[in-house]
file my_file24.cif (mmCIF, C-alpha atoms)
data_work
#
loop_
_atom_site.label_atom_id
_atom_site.label_comp_id
_atom_site.auth_asym_id
_atom_site.auth_seq_id
_atom_site.Cartn_x
_atom_site.Cartn_y
_atom_site.Cartn_z
CA MET A 17 -76.17 0.52 3.34
CA LEU A 18 -73.27 1.51 1.11
CA HIS A 19 -74.17 2.36 -2.49
CA GLY A 20 -71.15 1.08 -4.37
CA LEU A 21 -67.65 0.62 -3.02
CA PRO A 22 -65.87 3.80 -1.85
CA MET A 23 -62.47 3.96 -3.52
CA GLU A 24 -61.06 7.41 -2.73
CA ARG A 25 -58.54 7.36 0.12
CA ASP A 26 -59.70 10.62 1.61
CA VAL A 27 -57.72 10.63 4.89
CA THR A 28 -54.20 9.85 3.70
CA PRO A 29 -52.93 8.04 0.57
CA PHE A 30 -52.34 5.00 2.77
CA ASP A 31 -55.50 4.59 4.87
CA PRO A 32 -58.77 2.93 3.81
CA PRO A 33 -61.53 5.28 2.59
CA SER A 34 -63.23 6.82 5.64
CA GLU A 35 -66.63 5.39 4.64
CA ILE A 36 -65.19 1.86 4.73
CA THR A 37 -63.63 2.54 8.14
CA LYS A 38 -67.00 3.70 9.49
CA VAL A 39 -68.71 0.59 8.13
CA ARG A 40 -66.08 -1.65 9.73
CA GLU A 41 -66.63 0.00 13.10
CA SER A 42 -70.41 -0.46 13.00
CA ARG A 43 -70.99 -3.57 10.89
CA PRO A 44 -67.87 -5.48 9.68
CA VAL A 45 -70.07 -7.72 7.49
CA SER A 46 -72.28 -5.19 5.77
CA PRO A 47 -74.79 -5.19 2.87
CA MET A 48 -73.74 -3.14 -0.13
CA LEU A 49 -75.76 -2.05 -3.17
CA PHE A 50 -73.96 -2.50 -6.48
CA PRO A 51 -74.48 0.05 -9.29
CA ASP A 52 -76.67 -2.40 -11.20
CA GLY A 53 -79.07 -2.71 -8.25
CA HIS A 54 -77.78 -6.08 -7.00
CA GLU A 55 -77.43 -6.31 -3.23
CA GLY A 56 -74.19 -7.94 -2.18
CA TRP A 57 -71.89 -7.78 0.83
CA LEU A 58 -68.77 -5.94 1.96
CA ILE A 59 -66.53 -7.58 4.59
CA THR A 60 -64.11 -5.26 6.39
CA GLY A 61 -63.27 -6.65 9.86
CA TYR A 62 -59.95 -8.49 10.20
CA GLU A 63 -61.34 -11.73 11.61
CA ALA A 64 -64.30 -11.76 9.22
CA VAL A 65 -62.05 -11.18 6.17
CA ARG A 66 -59.64 -13.88 7.33
CA GLN A 67 -62.38 -16.43 7.86
CA ALA A 68 -64.11 -15.58 4.58
CA LEU A 69 -60.85 -16.15 2.68
CA SER A 70 -60.67 -19.72 3.99
CA ASP A 71 -64.42 -20.54 3.96
CA THR A 72 -65.15 -22.94 1.11
CA ARG A 73 -68.75 -21.71 0.95
CA PHE A 74 -67.36 -18.52 -0.61
CA SER A 75 -66.27 -19.49 -4.10
CA SER A 76 -63.57 -17.89 -6.25
CA ARG A 77 -65.18 -19.17 -9.45
CA GLN A 78 -66.42 -16.44 -11.75
CA ASP A 79 -68.45 -18.88 -13.82
CA LEU A 80 -70.92 -19.61 -11.02
CA GLY A 81 -72.71 -16.28 -11.12
CA ILE A 82 -72.85 -12.81 -12.58
CA ILE A 83 -70.00 -10.50 -11.58
CA HIS A 84 -71.43 -7.23 -10.29
CA VAL A 85 -68.87 -4.43 -10.60
CA PRO A 86 -68.71 -2.55 -7.26
CA PHE A 87 -67.55 0.72 -8.82
CA PRO A 88 -68.75 2.55 -11.97
CA THR A 89 -66.80 1.49 -15.05
CA PRO A 90 -67.47 3.51 -18.22
CA GLY A 91 -68.14 1.27 -21.18
CA MET A 92 -68.68 -1.83 -19.04
CA PRO A 93 -72.00 -3.38 -20.10
CA GLU A 94 -74.42 -4.83 -17.57
CA MET A 95 -73.44 -8.45 -16.99
CA THR A 96 -76.23 -10.89 -17.77
CA GLU A 97 -74.29 -14.15 -17.94
CA PRO A 98 -71.57 -15.76 -15.83
CA VAL A 99 -67.96 -15.11 -16.86
CA PRO A 100 -66.54 -18.31 -18.41
CA GLN A 101 -63.58 -20.03 -16.78
CA THR A 102 -60.15 -19.24 -18.21
CA PRO A 103 -57.91 -22.33 -18.52
CA GLY A 104 -54.97 -22.22 -16.13
CA LEU A 105 -56.14 -19.13 -14.23
CA PHE A 106 -56.33 -21.03 -10.95
CA ILE A 107 -56.85 -17.90 -8.85
CA SER A 108 -60.45 -18.01 -10.18
CA MET A 109 -60.97 -21.69 -9.41
CA ASP A 110 -62.00 -23.78 -6.40
CA PRO A 111 -60.64 -27.18 -5.37
CA PRO A 112 -60.11 -29.68 -6.89
CA ASP A 113 -59.32 -27.75 -10.11
CA HIS A 114 -57.44 -25.10 -8.15
CA THR A 115 -55.54 -27.77 -6.19
CA ARG A 116 -54.45 -29.64 -9.31
CA LEU A 117 -52.92 -26.58 -10.97
CA ARG A 118 -51.46 -24.87 -7.90
CA ARG A 119 -49.78 -28.10 -6.81
CA LYS A 120 -47.71 -28.01 -9.99
CA LEU A 121 -46.11 -24.77 -8.78
CA THR A 122 -45.60 -25.40 -5.08
CA GLY A 123 -42.16 -26.94 -5.64
CA ALA A 124 -41.02 -23.86 -7.53
CA PHE A 125 -41.97 -21.43 -4.77
CA THR A 126 -40.77 -23.17 -1.62
CA VAL A 127 -38.92 -21.08 0.97
CA LYS A 128 -35.80 -23.19 0.29
CA ARG A 129 -35.88 -22.53 -3.46
CA MET A 130 -36.56 -18.83 -2.95
CA LYS A 131 -33.57 -18.65 -0.62
CA ALA A 132 -31.46 -20.17 -3.37
CA LEU A 133 -32.57 -17.34 -5.68
CA GLU A 134 -31.77 -14.65 -3.11
CA GLU A 135 -28.21 -13.98 -4.28
CA GLY A 136 -29.39 -13.43 -7.86
CA ILE A 137 -32.13 -11.07 -6.68
CA HIS A 138 -29.59 -9.02 -4.74
CA GLU A 139 -27.38 -8.83 -7.84
CA ILE A 140 -30.30 -7.61 -9.97
CA THR A 141 -31.18 -5.03 -7.30
CA GLU A 142 -27.61 -3.75 -7.05
CA ARG A 143 -27.30 -3.41 -10.83
CA GLN A 144 -30.48 -1.35 -10.90
CA LEU A 145 -29.25 0.78 -8.03
CA ASP A 146 -26.00 1.37 -9.97
CA ALA A 147 -28.01 2.50 -12.97
CA LEU A 148 -30.17 4.73 -10.77
CA ALA A 149 -27.10 6.38 -9.21
CA GLU A 150 -25.83 7.40 -12.65
CA LEU A 151 -28.97 9.42 -13.40
CA THR A 152 -29.38 13.10 -12.68
CA PRO A 153 -32.23 13.71 -10.23
CA PRO A 154 -35.10 14.21 -10.12
CA VAL A 155 -35.96 10.77 -11.46
CA ASP A 156 -39.09 8.64 -11.41
CA LEU A 157 -38.42 5.82 -8.94
CA VAL A 158 -41.20 3.73 -10.49
CA GLN A 159 -39.67 3.60 -13.95
CA GLU A 160 -36.03 3.51 -12.86
CA PHE A 161 -36.18 1.09 -9.93
CA ALA A 162 -39.50 -0.15 -8.52
CA LEU A 163 -40.77 -1.59 -11.82
CA PRO A 164 -37.50 -2.90 -13.35
CA VAL A 165 -36.40 -4.97 -10.32
CA PRO A 166 -39.43 -7.30 -10.04
CA SER A 167 -39.79 -7.37 -13.83
CA LEU A 168 -36.20 -8.54 -14.23
CA VAL A 169 -36.65 -11.13 -11.48
CA ILE A 170 -39.90 -12.61 -12.81
CA CYS A 171 -38.65 -12.61 -16.41
CA GLU A 172 -35.52 -14.50 -15.38
CA LEU A 173 -37.51 -16.94 -13.24
CA LEU A 174 -40.17 -17.67 -15.86
CA GLY A 175 -37.94 -17.47 -18.93
CA VAL A 176 -39.68 -14.43 -20.45
CA PRO A 177 -37.37 -12.26 -22.60
CA TYR A 178 -36.85 -9.00 -20.70
CA GLU A 179 -36.61 -7.10 -23.97
CA ASP A 180 -40.36 -7.78 -24.38
CA ARG A 181 -41.15 -5.96 -21.13
CA ASP A 182 -42.61 -2.82 -22.72
CA THR A 183 -45.23 -4.91 -24.50
CA PHE A 184 -46.36 -6.98 -21.54
CA GLN A 185 -46.11 -4.08 -19.06
CA HIS A 186 -48.29 -1.89 -21.28
CA ASN A 187 -50.90 -4.59 -21.77
CA SER A 188 -50.91 -5.72 -18.13
CA SER A 189 -51.34 -2.10 -17.03
CA LYS A 190 -54.25 -1.62 -19.42
CA PHE A 191 -55.80 -4.88 -18.23
CA MET A 192 -55.58 -3.70 -14.60
CA GLU A 193 -57.24 -0.32 -15.22
CA ARG A 194 -60.65 0.10 -13.65
CA GLN A 195 -62.19 2.79 -15.81
CA VAL A 196 -61.48 1.35 -19.23
CA THR A 197 -63.91 -0.06 -21.78
CA LEU A 198 -64.48 -3.78 -21.86
CA GLU A 199 -63.22 -3.78 -25.46
CA ASP A 200 -59.90 -2.18 -24.48
CA LYS A 201 -59.52 -4.49 -21.49
CA MET A 202 -60.14 -7.57 -23.61
CA ALA A 203 -57.81 -6.31 -26.32
CA ALA A 204 -55.02 -6.00 -23.75
CA TYR A 205 -55.79 -9.44 -22.38
CA MET A 206 -55.81 -11.02 -25.84
CA ALA A 207 -52.51 -9.36 -26.74
CA MET A 208 -50.87 -10.76 -23.60
CA ASN A 209 -52.52 -14.14 -24.11
CA THR A 210 -51.34 -14.38 -27.72
CA TYR A 211 -47.79 -13.44 -26.77
CA LEU A 212 -47.67 -15.95 -23.92
CA TYR A 213 -49.31 -18.73 -25.94
CA GLU A 214 -46.58 -18.44 -28.56
CA LEU A 215 -43.90 -18.30 -25.87
CA CYS A 216 -45.30 -21.36 -24.09
CA ALA A 217 -45.52 -23.25 -27.39
CA THR A 218 -41.82 -22.52 -27.91
CA LYS A 219 -41.02 -23.71 -24.37
CA ARG A 220 -42.90 -26.93 -24.99
CA ALA A 221 -41.03 -27.54 -28.26
CA GLU A 222 -37.62 -26.42 -27.00
CA PRO A 223 -37.56 -26.30 -23.16
CA ALA A 224 -34.84 -24.29 -21.45
CA ASP A 225 -33.77 -23.86 -17.82
CA ASP A 226 -36.68 -21.82 -16.47
CA LEU A 227 -40.00 -22.25 -14.69
CA LEU A 228 -42.22 -22.10 -17.78
CA SER A 229 -40.09 -24.78 -19.42
CA ASP A 230 -40.47 -26.94 -16.32
CA LEU A 231 -44.24 -26.57 -16.56
CA ALA A 232 -44.18 -27.12 -20.32
CA ARG A 233 -42.62 -30.56 -19.77
CA ASP A 234 -45.73 -31.60 -17.82
CA GLU A 235 -47.95 -33.43 -20.31
CA ASP A 236 -50.88 -33.16 -17.91
CA LEU A 237 -51.07 -29.43 -18.70
CA SER A 238 -52.69 -28.31 -21.93
CA LEU A 239 -51.04 -25.43 -23.79
CA GLU A 240 -54.07 -23.27 -22.91
CA GLU A 241 -53.64 -24.06 -19.21
CA LEU A 242 -49.92 -23.36 -19.41
CA THR A 243 -50.68 -20.00 -21.03
CA GLY A 244 -53.19 -19.09 -18.31
CA MET A 245 -50.70 -19.97 -15.58
CA ALA A 246 -48.00 -17.92 -17.31
CA PHE A 247 -50.39 -14.96 -17.53
CA LEU A 248 -51.14 -15.13 -13.83
CA LEU A 249 -47.49 -15.56 -12.78
CA LEU A 250 -46.22 -12.76 -15.01
CA LEU A 251 -48.97 -10.32 -14.04
CA ALA A 252 -48.78 -10.98 -10.30
CA GLY A 253 -45.00 -11.35 -10.33
CA HIS A 254 -44.23 -7.77 -11.28
CA GLU A 255 -47.36 -5.65 -10.67
CA THR A 256 -47.74 -6.23 -6.93
CA THR A 257 -44.08 -6.03 -5.90
CA ALA A 258 -43.41 -3.01 -8.11
CA ASN A 259 -46.25 -1.12 -6.46
CA MET A 260 -45.15 -2.18 -2.97
CA LEU A 261 -41.62 -0.89 -3.61
CA ALA A 262 -42.85 2.47 -4.93
CA LEU A 263 -45.73 3.03 -2.51
CA GLY A 264 -43.64 1.71 0.39
CA THR A 265 -40.91 4.24 -0.40
CA PHE A 266 -43.53 6.99 -0.58
CA ALA A 267 -44.91 5.93 2.80
CA LEU A 268 -41.47 5.92 4.42
CA LEU A 269 -40.62 9.35 2.99
CA GLU A 270 -43.90 10.63 4.45
CA HIS A 271 -42.99 9.13 7.86
CA PRO A 272 -39.48 10.49 8.50
CA GLY A 273 -39.32 9.07 12.02
CA GLN A 274 -39.88 5.56 10.70
CA LEU A 275 -37.39 6.12 7.88
CA ALA A 276 -34.78 7.32 10.38
CA ALA A 277 -35.32 4.21 12.51
CA LEU A 278 -34.60 1.99 9.50
CA ARG A 279 -31.48 3.95 8.61
CA GLU A 280 -30.21 3.57 12.16
CA GLN A 281 -31.19 -0.12 12.43
CA PRO A 282 -31.14 -1.88 9.02
CA ALA A 283 -31.85 -5.13 10.89
CA LEU A 284 -35.44 -3.86 11.24
CA ILE A 285 -36.03 -4.07 7.48
CA PRO A 286 -37.62 -7.59 7.48
CA ASP A 287 -40.11 -6.43 10.13
CA ALA A 288 -40.61 -3.16 8.24
CA VAL A 289 -41.49 -5.09 5.08
CA GLU A 290 -44.22 -6.97 6.96
CA GLU A 291 -45.51 -3.72 8.41
CA LEU A 292 -45.55 -2.03 5.00
CA LEU A 293 -47.42 -5.02 3.57
CA ARG A 294 -49.99 -4.70 6.36
CA TYR A 295 -50.21 -0.93 6.19
CA LEU A 296 -50.50 -0.64 2.39
CA ALA A 297 -52.09 -3.90 1.13
CA VAL A 298 -51.82 -2.89 -2.53
CA GLY A 299 -53.98 -5.83 -3.66
CA ASP A 300 -56.84 -4.55 -1.55
CA ILE A 301 -60.07 -5.98 -2.96
CA PHE A 302 -60.88 -9.69 -3.32
CA PHE A 303 -64.15 -11.02 -4.72
CA ARG A 304 -66.03 -14.13 -3.67
CA TYR A 305 -69.39 -15.65 -4.61
CA ALA A 306 -71.73 -17.29 -2.10
CA ALA A 307 -72.18 -20.82 -3.45
CA GLU A 308 -74.91 -21.49 -0.86
CA ASP A 309 -76.74 -19.66 1.92
CA VAL A 310 -74.09 -18.72 4.49
CA GLU A 311 -74.64 -17.73 8.12
CA PHE A 312 -71.63 -15.53 8.75
CA PHE A 313 -70.87 -13.24 11.70
CA GLY A 314 -74.55 -12.88 12.51
CA GLU A 315 -75.59 -12.15 8.93
CA THR A 316 -77.32 -14.33 6.35
CA ILE A 317 -75.56 -14.13 3.01
CA ARG A 318 -77.82 -15.65 0.39
CA GLU A 319 -76.67 -18.01 -2.33
CA GLY A 320 -75.77 -16.06 -5.44
CA SER A 321 -74.56 -12.96 -3.58
CA MET A 322 -71.30 -11.27 -4.57
CA VAL A 323 -69.04 -10.72 -1.57
CA VAL A 324 -66.33 -8.05 -1.58
CA LEU A 325 -63.44 -8.45 0.89
CA SER A 326 -61.35 -5.42 1.84
CA LEU A 327 -57.93 -6.67 2.93
CA LEU A 328 -56.79 -3.11 3.63
CA ALA A 329 -59.70 -2.48 6.02
CA GLY A 330 -58.98 -5.79 7.74
CA ASN A 331 -55.31 -4.91 8.10
CA HIS A 332 -56.29 -1.56 9.66
CA ASP A 333 -58.75 -3.11 12.11
CA PRO A 334 -57.96 -1.85 15.66
CA ALA A 335 -59.44 -5.08 17.00
CA ARG A 336 -56.38 -6.85 15.54
CA TYR A 337 -53.61 -4.23 15.63
CA ASP A 338 -53.09 -1.44 18.16
CA ASP A 339 -52.99 2.02 16.57
CA ALA A 340 -53.67 0.24 13.28
CA ASP A 341 -53.75 3.37 11.10
CA SER A 342 -50.15 4.21 12.05
CA LEU A 343 -47.03 2.97 10.29
CA ASP A 344 -44.73 1.41 12.90
CA VAL A 345 -41.64 -0.44 11.64
CA HIS A 346 -41.13 -1.90 15.13
CA ARG A 347 -44.54 -3.60 15.04
CA ASN A 348 -44.97 -7.36 14.85
CA ALA A 349 -47.29 -7.33 11.83
CA ARG A 350 -47.29 -11.09 11.30
CA GLY A 351 -50.71 -12.44 10.46
CA HIS A 352 -51.54 -9.55 8.11
CA LEU A 353 -53.82 -10.25 5.16
CA ALA A 354 -51.80 -8.64 2.36
CA PHE A 355 -51.06 -12.03 0.79
CA GLY A 356 -54.57 -13.35 1.43
CA HIS A 357 -55.29 -16.44 3.49
CA GLY A 358 -56.39 -20.02 2.96
CA VAL A 359 -55.90 -22.07 -0.21
CA HIS A 360 -55.53 -18.94 -2.36
CA GLN A 361 -52.81 -17.35 -0.22
CA CYS A 362 -50.20 -15.80 -2.53
CA LEU A 363 -47.89 -18.47 -3.93
CA GLY A 364 -45.05 -16.01 -4.56
CA GLN A 365 -45.06 -14.30 -1.17
CA GLN A 366 -41.54 -15.44 -0.23
CA LEU A 367 -40.19 -14.15 -3.54
CA ALA A 368 -41.92 -10.80 -2.96
CA ARG A 369 -40.46 -10.55 0.54
CA ILE A 370 -36.92 -11.15 -0.72
CA GLU A 371 -37.33 -8.51 -3.44
CA MET A 372 -38.74 -5.95 -1.02
CA ARG A 373 -36.07 -6.55 1.60
CA ALA A 374 -33.34 -6.18 -1.00
CA GLY A 375 -35.01 -3.15 -2.57
CA PHE A 376 -35.62 -1.13 0.59
CA GLU A 377 -32.25 -2.05 2.12
CA GLY A 378 -30.44 -1.04 -1.06
CA LEU A 379 -32.31 2.26 -1.47
CA LEU A 380 -31.67 3.33 2.12
CA ARG A 381 -28.01 2.31 1.97
CA ARG A 382 -27.18 3.81 -1.41
CA PHE A 383 -29.27 6.99 -1.16
CA PRO A 384 -29.10 8.31 2.44
CA SER A 385 -30.64 11.65 1.42
CA LEU A 386 -33.46 10.23 -0.69
CA HIS A 387 -36.43 12.61 -0.73
CA LEU A 388 -39.54 13.48 -2.71
CA ALA A 389 -38.85 15.88 -5.58
CA VAL A 390 -42.45 17.16 -5.62
CA PRO A 391 -44.97 17.96 -2.87
CA ALA A 392 -46.66 14.78 -1.63
CA ARG A 393 -50.06 16.02 -2.83
CA GLU A 394 -48.72 16.01 -6.42
CA VAL A 395 -47.85 12.30 -6.38
CA LYS A 396 -50.37 10.65 -8.70
CA LEU A 397 -52.02 7.71 -6.97
CA ARG A 398 -53.22 4.56 -8.75
CA THR A 399 -56.82 4.92 -7.60
CA ASP A 400 -57.81 3.97 -11.15
CA MET A 401 -56.09 0.58 -10.99
CA ASN A 402 -56.91 -2.80 -9.45
CA ILE A 403 -53.46 -2.85 -7.83
CA TYR A 404 -52.93 0.29 -5.75
CA GLY A 405 -49.73 2.30 -5.79
CA VAL A 406 -48.35 5.40 -7.48
CA HIS A 407 -48.13 6.08 -11.20
CA ALA A 408 -44.84 7.90 -10.69
CA LEU A 409 -42.65 8.86 -7.73
CA PRO A 410 -40.28 11.74 -8.55
CA VAL A 411 -37.33 11.64 -6.11
CA GLY A 412 -33.99 13.32 -5.57
CA TRP A 413 -30.96 12.70 -3.35
#
call {"tool": "encode", "arguments": {"input": "my_file24.cif", "output": "structure tokens"}}
result
Amino acid sequence: MLHGLPMERDVTPFDPPSEITKVRESRPVSPMLFPDGHEGWLITGYEAVRQALSDTRFSSRQDLGIIHVPFPTPGMPEMTEPVPQTPGLFISMDPPDHTRLRRKLTGAFTVKRMKALEEGIHEITERQLDALAELTPPVDLVQEFALPVPSLVICELLGVPYEDRDTFQHNSSKFMERQVTLEDKMAAYMAMNTYLYELCATKRAEPADDLLSDLARDEDLSLEELTGMAFLLLLAGHETTANMLALGTFALLEHPGQLAALREQPALIPDAVEELLRYLAVGDIFFRYAAEDVEFFGETIREGSMVVLSLLAGNHDPARYDDADSLDVHRNARGHLAFGHGVHQCLGQQLARIEMRAGFEGLLRRFPSLHLAVPAREVKLRTDMNIYGVHALPVGW
């Protein structure tokens, strides 16, 4: 039985921790002992993860039971009570509450509407590439490209002033840190919540032409729910894509054969984006709570158990993908779990795909000699964050 969740990627910066790989090979639905002594479960096999994500017996609600942290967190007290529901944060809800709130956004994130935004996303990407080209290398690709592009896009889509980015990026980063005190985490959350509450109140009083204003016109949504939805959209809208752009570039630079294939055949980029999503799965860990006794893949998961799903381990399962630990831009990686599965599957996945396609295509086209400016071992990985990636990626050209 695993004692806690292994987090260190000890083979390469891109593969699951070797202990998780071993568990997947022997017991893809495996008991795991949390630091507080609670016995929960770790699910690592592709098919098991996929089914668990769509099984309504595994709840996303944090108010049903005590959240048992699967890795040591200094300053985090032992949880003795359920975490209360946060209005509007539908990622932590089950149907019908989840359905009611998510439905209000489905029209905004249709493939058709995302396609209509594509030209604007390409313009934002090109402007950032222009700015990048004017700098003297080495430069940090995270700060100068990977973070600004999705931040600009989500700010424009939601109607969040981009000049406020330093504030919300600092607080969202602090909120996503693993080894931070509960007080600091809550302070970051409250700062973001206060900022967004005031912004949403302004949108409700004086709506403009943006997504938050569209939501603010809906009288069925309370201001607290609107704020929670804004928090979720803003956080997810820039953190995940920014880390995919940076970590994806790092992965390609560490696989020169794959990088060369993309330079020779830019038409492969859409497939390469799917493969990078599969291979990297920056939003690796999902949590569920057994709302009843569940017979699952030959195991009995008792009501009240915390269940940890490793999307990265599932995406690297050789039972689903041949040579799964290899990056192959020619692979058909459709069906990967990077965006989740079931009713909670990522609402903004089409937007993320468009941003990544534009970002990788632009980088390869504009910087044909792009390379790491430091040894790969010196790239600081975000092993301390809930969204994986790199803290900085020094590059030259």
call {"tool": "closest_residue", "arguments": {"input": "my_file24.cif", "among": "A:Ser229, A:Gln281, A:Ser342, A:Gln366", "to": "Arg381 of chain A", "atoms": "all atoms listed in the file"}}
result
A:Gln281
call {"tool": "resolve_selection", "arguments": {"input": "my_file24.cif", "expression": "the PyMOL selection byres ((chain A and resi 373) around 10)", "output": "PyMOL selection string"}}
result
chain A and resi 138+261+285-290+368-372+374-378
call {"tool": "atom_distance", "arguments": {"input": "my_file24.cif", "atom1": "atom CA of Glu315 of chain A", "atom2": "atom CA of Val45 of chain A"}}
result
7.2 Å
call {"tool": "closest_atom_pairs", "arguments": {"input": "my_file24.cif", "of": "segment 242-302 of chain A", "to": "segment 400-411 of chain A", "cutoff": "12 Å", "atoms": "all atoms listed in the file", "output": "CSV"}}
result
residue,atom,partner,partner_atom,distance
A:Leu251,CA,A:Ile403,CA,10.7
A:Ala252,CA,A:Ile403,CA,9.7
A:His254,CA,A:Ile403,CA,11.0
A:Glu255,CA,A:Ile403,CA,7.3
A:Thr256,CA,A:Ile403,CA,6.7
A:Thr257,CA,A:Gly405,CA,10.1
A:Ala258,CA,A:Gly405,CA,8.6
A:Asn259,CA,A:Gly405,CA,4.9
A:Met260,CA,A:Gly405,CA,7.0
A:Leu261,CA,A:Gly405,CA,9.0
A:Ala262,CA,A:Val406,CA,6.7
A:Leu263,CA,A:Gly405,CA,5.2
A:Gly264,CA,A:Gly405,CA,8.7
A:Thr265,CA,A:Leu409,CA,8.8
A:Phe266,CA,A:Leu409,CA,7.4
A:Ala267,CA,A:Gly405,CA,10.5
A:Leu269,CA,A:Val411,CA,9.9
A:Leu296,CA,A:Tyr404,CA,8.5
A:Ala297,CA,A:Tyr404,CA,8.1
A:Val298,CA,A:Tyr404,CA,4.7
A:Gly299,CA,A:Ile403,CA,5.2
A:Asp300,CA,A:Ile403,CA,7.3
A:Ile301,CA,A:Asn402,CA,7.9
A:Phe302,CA,A:Asn402,CA,10.0
call {"tool": "resolve_selection", "arguments": {"input": "my_file24.cif", "expression": "the PyMOL selection byres ((chain A and resi 108) around 12)", "output": "ChimeraX atom specification"}}
result
/A:74-80,99-107,109-111,113-115,117-118,244-245,248,302-305,359-360
call {"tool": "atom_distance", "arguments": {"input": "my_file24.cif", "atom1": "atom CA of Leu292 of chain A", "atom2": "atom CA of Arg350 of chain A"}}
result
11.2 Å
call {"tool": "resolve_selection", "arguments": {"input": "my_file24.cif", "expression": "the PyMOL selection byres ((chain A and resi 346) around 8)", "output": "ChimeraX atom specification"}}
result
/A:284,287-288,344-345,347-348
call {"tool": "atom_distance", "arguments": {"input": "my_file24.cif", "atom1": "atom CA of Gln195 of chain A", "atom2": "atom CA of Ala207 of chain A"}}
result
19.0 Å
call {"tool": "closest_residue", "arguments": {"input": "my_file24.cif", "among": "A:Glu240, A:Leu343, A:Glu270, A:Leu275", "to": "Arg393 of chain A", "atoms": "only C-alpha atoms"}}
result
A:Glu270
call {"tool": "build_atoms", "arguments": {"input": "my_file24.cif", "residues": "segment 347-364 of chain A", "atoms": "N, CA and C atoms", "output": "mmCIF file, keeping the file's coordinate frame"}}
result
data_model
loop_
_atom_site.group_PDB
_atom_site.id
_atom_site.type_symbol
_atom_site.label_atom_id
_atom_site.label_comp_id
_atom_site.auth_asym_id
_atom_site.auth_seq_id
_atom_site.Cartn_x
_atom_site.Cartn_y
_atom_site.Cartn_z
ATOM 1 N N ARG A 347 -43.379 -2.770 14.755
ATOM 2 C CA ARG A 347 -44.540 -3.600 15.040
ATOM 3 C C ARG A 347 -44.315 -5.040 14.580
ATOM 4 N N ASN A 348 -44.890 -5.980 15.318
ATOM 5 C CA ASN A 348 -44.970 -7.360 14.850
ATOM 6 C C ASN A 348 -46.262 -7.467 14.031
ATOM 7 N N ALA A 349 -46.121 -7.362 12.711
ATOM 8 C CA ALA A 349 -47.290 -7.330 11.830
ATOM 9 C C ALA A 349 -47.623 -8.700 11.267
ATOM 10 N N ARG A 350 -46.996 -9.746 11.810
ATOM 11 C CA ARG A 350 -47.290 -11.090 11.300
ATOM 12 C C ARG A 350 -48.790 -11.381 11.416
ATOM 13 N N GLY A 351 -49.283 -12.139 10.478
ATOM 14 C CA GLY A 351 -50.710 -12.440 10.460
ATOM 15 C C GLY A 351 -51.506 -11.476 9.602
ATOM 16 N N HIS A 352 -50.821 -10.492 8.979
ATOM 17 C CA HIS A 352 -51.540 -9.550 8.110
ATOM 18 C C HIS A 352 -52.142 -10.293 6.915
ATOM 19 N N LEU A 353 -53.050 -9.624 6.235
ATOM 20 C CA LEU A 353 -53.820 -10.250 5.160
ATOM 21 C C LEU A 353 -53.354 -9.857 3.765
ATOM 22 N N ALA A 354 -52.219 -9.174 3.654
ATOM 23 C CA ALA A 354 -51.800 -8.640 2.360
ATOM 24 C C ALA A 354 -51.610 -9.726 1.304
ATOM 25 N N PHE A 355 -51.230 -10.931 1.730
ATOM 26 C CA PHE A 355 -51.060 -12.030 0.790
ATOM 27 C C PHE A 355 -52.287 -12.951 0.758
ATOM 28 N N GLY A 356 -53.382 -12.515 1.357
ATOM 29 C CA GLY A 356 -54.570 -13.350 1.430
ATOM 30 C C GLY A 356 -54.444 -14.362 2.552
ATOM 31 N N HIS A 357 -55.264 -15.402 2.462
ATOM 32 C CA HIS A 357 -55.290 -16.440 3.490
ATOM 33 C C HIS A 357 -55.995 -17.645 2.904
ATOM 34 N N GLY A 358 -55.721 -18.818 3.435
ATOM 35 C CA GLY A 358 -56.390 -20.020 2.960
ATOM 36 C C GLY A 358 -55.728 -20.580 1.704
ATOM 37 N N VAL A 359 -56.485 -21.355 0.935
ATOM 38 C CA VAL A 359 -55.900 -22.070 -0.210
ATOM 39 C C VAL A 359 -55.421 -21.122 -1.302
ATOM 40 N N HIS A 360 -55.934 -19.890 -1.329
ATOM 41 C CA HIS A 360 -55.530 -18.940 -2.360
ATOM 42 C C HIS A 360 -54.434 -17.981 -1.872
ATOM 43 N N GLN A 361 -53.873 -18.243 -0.709
ATOM 44 C CA GLN A 361 -52.810 -17.350 -0.220
ATOM 45 C C GLN A 361 -51.697 -17.279 -1.272
ATOM 46 N N CYS A 362 -51.154 -16.084 -1.453
ATOM 47 C CA CYS A 362 -50.200 -15.800 -2.530
ATOM 48 C C CYS A 362 -49.058 -16.818 -2.579
ATOM 49 N N LEU A 363 -48.910 -17.440 -3.736
ATOM 50 C CA LEU A 363 -47.890 -18.470 -3.930
ATOM 51 C C LEU A 363 -46.488 -17.863 -3.935
ATOM 52 N N GLY A 364 -46.361 -16.636 -4.428
ATOM 53 C CA GLY A 364 -45.050 -16.010 -4.560
ATOM 54 C C GLY A 364 -44.682 -15.081 -3.429
#
